[in-house]
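Here's the structure we're looking at; comments come further down.
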Amino acid sequence: MFRKSIMAATLALAVSLSAVAFGGAPASAATPVSKTDLQIVRAALVKYGVPPTSQNSLLSAFARGERWDSESGAAPVSTEVDQVGGAERTIYRYLDGSVNVSTVEIPTEVSPEVSAMGISGCQSYSVTGAKAWRNCKVGWDAATWSVSFTAAYKYYLGPSYGCYIDSIGGLAHGGVGSFSNDKLEYITRSANGYTGQCIAQGSYKRSYEPVGSETVGVKLNLTAEHGGGWTSKVSA
């Protein structure tokens, strides 16, 4: 009996030490967080320059099912805009170290005579009375998930201002969890006026314990006033 008690205590200590090594309490059957998932999330945080101490804190909170500031509706404490890999990237940083990242592909200018059939990337071209983009990727990365799609869209110049989204496609996702109910749709495909807004969005239902189920995705927003497109996160 004494030997069995020692073996049980040793096993319990091993489980406890294993949990500490991964930065948190042992995950219960209802809240599984795999080492691979934590590695995926950490890689995203590293990519956007989140300090190691903040990474550890965020990963522990994620494993407990707690909402980061970037997912709770908190205002960012700083915003950075740069150009990476042919896209304009906006990084929103929050008090707890979490991030949201918006990307919009930067188009290459082409002549109006170039056929859309020959396009292999995001391109901008002139049409009568308008400025137009085609095959341009937009995305949103929240570190634990990401969603993107491609679109063709245009805004009309004065005096008849307005916007129009020609087409959308190529919906894709990344991150951890189970993604279902994929939806790519026009919210407002066309609008008139200088400030009239056109919106398309791609979304998924993402399920992940211990976080639960939520709607995640990215919106493409367009106005003549803005002179192009920008992205925002889909609200559940």
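FYI, nothing fancy with the structure tokens labels: chains A, B, ... in order, residues from 1 per chain, ligands from 1 as they appear.
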Residue list (alpha helix (DSSP H), DSSP) for region 13-231 of chain A, as a ChimeraX atom specification: /A:13-21,35-47,52-63
From A:Thr108, A:Ser160, A:Thr188, A:Ser60, residue lying nearest Thr128 (chain A) [only C-alpha atoms]: A:Ser160
Ala200 (chain A) environment, 9 Å, only C-alpha atoms, sequence neighbours closer than 2 positions dropped, as a ChimeraX atom specification: /A:151,165,168,184-189,198,202,218-221
Closest of A:Val81, A:Leu38, A:Lys137, A:Leu95 to Pro107 (chain A) - atom-to-atom distances counting only C-alpha atoms: A:Lys137
Shell of 9 Å around region 226-229 of chain A, only C-alpha atoms, local chain residues under 4 positions omitted, as a ChimeraX atom specification: /A:104,131-133,138,153-155,194-195,220-222
Preceding selection exported with all heavy atoms as a tab-separated table (two decimals), in the first residue's frame:
chain	number	residue	atom	x	y	z
A	104	VAL	N	-4.22	44.81	-46.69
A	104	VAL	CA	-4.86	45.08	-47.99
A	104	VAL	C	-3.76	45.07	-49.04
A	104	VAL	O	-2.79	45.82	-48.93
A	104	VAL	CB	-5.59	46.43	-48.01
A	104	VAL	CG1	-6.22	46.68	-49.38
A	104	VAL	CG2	-6.64	46.52	-46.92
A	131	LYS	N	-11.86	54.46	-60.68
A	131	LYS	CA	-10.60	53.80	-60.38
A	131	LYS	C	-10.95	52.40	-59.91
A	131	LYS	O	-11.87	52.22	-59.09
A	131	LYS	CB	-9.86	54.56	-59.27
A	131	LYS	CG	-8.45	54.06	-59.00
A	131	LYS	CD	-7.49	54.41	-60.13
A	131	LYS	CE	-6.07	54.02	-59.75
A	131	LYS	NZ	-5.13	54.32	-60.84
A	132	ALA	N	-10.24	51.39	-60.43
A	132	ALA	CA	-10.66	50.02	-60.17
A	132	ALA	C	-9.50	49.13	-59.75
A	132	ALA	O	-8.35	49.34	-60.14
A	132	ALA	CB	-11.34	49.45	-61.40
A	133	TRP	N	-9.82	48.11	-58.93
A	133	TRP	CA	-8.87	47.08	-58.48
A	133	TRP	C	-9.45	45.72	-58.83
A	133	TRP	O	-10.66	45.55	-58.87
A	133	TRP	CB	-8.67	47.14	-56.97
A	133	TRP	CG	-7.90	48.31	-56.46
A	133	TRP	CD1	-6.58	48.34	-56.11
A	133	TRP	CD2	-8.40	49.63	-56.22
A	133	TRP	NE1	-6.23	49.60	-55.68
A	133	TRP	CE2	-7.32	50.41	-55.73
A	133	TRP	CE3	-9.64	50.24	-56.38
A	133	TRP	CZ2	-7.45	51.75	-55.40
A	133	TRP	CZ3	-9.78	51.58	-56.05
A	133	TRP	CH2	-8.68	52.32	-55.56
A	138	VAL	N	-7.60	40.79	-49.22
A	138	VAL	CA	-7.76	41.52	-47.96
A	138	VAL	C	-7.81	40.50	-46.83
A	138	VAL	O	-8.24	39.36	-47.03
A	138	VAL	CB	-9.04	42.39	-47.95
A	138	VAL	CG1	-8.97	43.45	-49.05
A	138	VAL	CG2	-10.29	41.53	-48.14
A	153	TYR	N	-13.04	45.56	-57.13
A	153	TYR	CA	-13.92	46.65	-56.73
A	153	TYR	C	-13.46	47.97	-57.34
A	153	TYR	O	-12.35	48.09	-57.86
A	153	TYR	CB	-13.97	46.76	-55.20
A	153	TYR	CG	-12.62	46.83	-54.51
A	153	TYR	CD1	-12.03	48.04	-54.18
A	153	TYR	CD2	-11.95	45.66	-54.16
A	153	TYR	CE1	-10.80	48.10	-53.52
A	153	TYR	CE2	-10.72	45.70	-53.51
A	153	TYR	CZ	-10.14	46.92	-53.19
A	153	TYR	OH	-8.93	46.97	-52.55
A	154	LYS	N	-14.34	48.94	-57.30
A	154	LYS	CA	-14.02	50.24	-57.89
A	154	LYS	C	-14.76	51.36	-57.16
A	154	LYS	O	-15.77	51.12	-56.49
A	154	LYS	CB	-14.38	50.26	-59.38
A	154	LYS	CG	-15.86	50.07	-59.69
A	154	LYS	CD	-16.18	50.27	-61.17
A	154	LYS	CE	-15.58	49.22	-62.06
A	154	LYS	NZ	-16.33	47.92	-61.99
A	155	TYR	N	-14.23	52.56	-57.28
A	155	TYR	CA	-14.97	53.73	-56.82
A	155	TYR	C	-15.05	54.72	-57.98
A	155	TYR	O	-14.14	54.84	-58.80
A	155	TYR	CB	-14.36	54.36	-55.57
A	155	TYR	CG	-13.04	55.07	-55.77
A	155	TYR	CD1	-12.99	56.43	-56.08
A	155	TYR	CD2	-11.83	54.39	-55.61
A	155	TYR	CE1	-11.79	57.09	-56.25
A	155	TYR	CE2	-10.63	55.04	-55.78
A	155	TYR	CZ	-10.60	56.39	-56.10
A	155	TYR	OH	-9.40	57.03	-56.27
A	194	TYR	N	-20.27	60.52	-52.30
A	194	TYR	CA	-18.87	60.61	-51.92
A	194	TYR	C	-18.56	59.74	-50.70
A	194	TYR	O	-17.48	59.16	-50.60
A	194	TYR	CB	-18.55	62.08	-51.62
A	194	TYR	CG	-17.09	62.37	-51.41
A	194	TYR	CD1	-16.14	62.08	-52.40
A	194	TYR	CD2	-16.65	62.96	-50.23
A	194	TYR	CE1	-14.80	62.35	-52.21
A	194	TYR	CE2	-15.30	63.25	-50.03
A	194	TYR	CZ	-14.38	62.94	-51.02
A	194	TYR	OH	-13.05	63.23	-50.83
A	195	THR	N	-19.50	59.65	-49.78
A	195	THR	CA	-19.28	58.87	-48.56
A	195	THR	C	-20.07	57.56	-48.54
A	195	THR	O	-20.06	56.85	-47.53
A	195	THR	CB	-19.67	59.69	-47.31
A	195	THR	OG1	-21.05	60.07	-47.40
A	195	THR	CG2	-18.81	60.94	-47.19
A	220	LEU	N	-14.34	43.91	-46.06
A	220	LEU	CA	-13.78	44.88	-47.00
A	220	LEU	C	-14.70	46.08	-47.01
A	220	LEU	O	-15.91	45.94	-47.23
A	220	LEU	CB	-13.68	44.29	-48.40
A	220	LEU	CG	-13.41	45.28	-49.54
A	220	LEU	CD1	-12.04	45.93	-49.40
A	220	LEU	CD2	-13.57	44.61	-50.90
A	221	ASN	N	-14.15	47.26	-46.76
A	221	ASN	CA	-14.93	48.50	-46.76
A	221	ASN	C	-14.41	49.40	-47.88
A	221	ASN	O	-13.20	49.48	-48.11
A	221	ASN	CB	-14.78	49.22	-45.42
A	221	ASN	CG	-15.11	48.31	-44.24
A	221	ASN	OD1	-16.25	48.06	-43.93
A	221	ASN	ND2	-14.08	47.79	-43.59
A	222	LEU	N	-15.29	50.11	-48.54
A	222	LEU	CA	-14.91	50.93	-49.69
A	222	LEU	C	-15.77	52.18	-49.78
A	222	LEU	O	-16.99	52.11	-49.64
A	222	LEU	CB	-15.07	50.10	-50.97
A	222	LEU	CG	-14.84	50.78	-52.31
A	222	LEU	CD1	-13.37	51.17	-52.47
A	222	LEU	CD2	-15.27	49.86	-53.45
Nearest to Ile91 (chain A), chosen from A:Arg134, A:Ser72, A:Ser180, A:Asp141, with only C-alpha atoms counted in the distances: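 Distance minimum relative to Ile91 (chain A) lands on A:Asp141.
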Polymer residues at most 7 Å from Glu109 (chain A), only C-alpha atoms, same-chain spacing of 4 or more positions, as a PyMOL selection string: chain A and resi 123-125
Gap from CA of Lys183 (chain A) to CA of Ala142 (chain A) - Å, one decimal: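 So the answer is 18.5 Å.
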Backbone-only DSSP, strand (DSSP E) members of region 62-204 of chain A, as a PyMOL selection string: chain A and resi 78-84+87-93+99-105+108-109+123-127+130-141+145-156+162-175+178-188+190-192+198-204
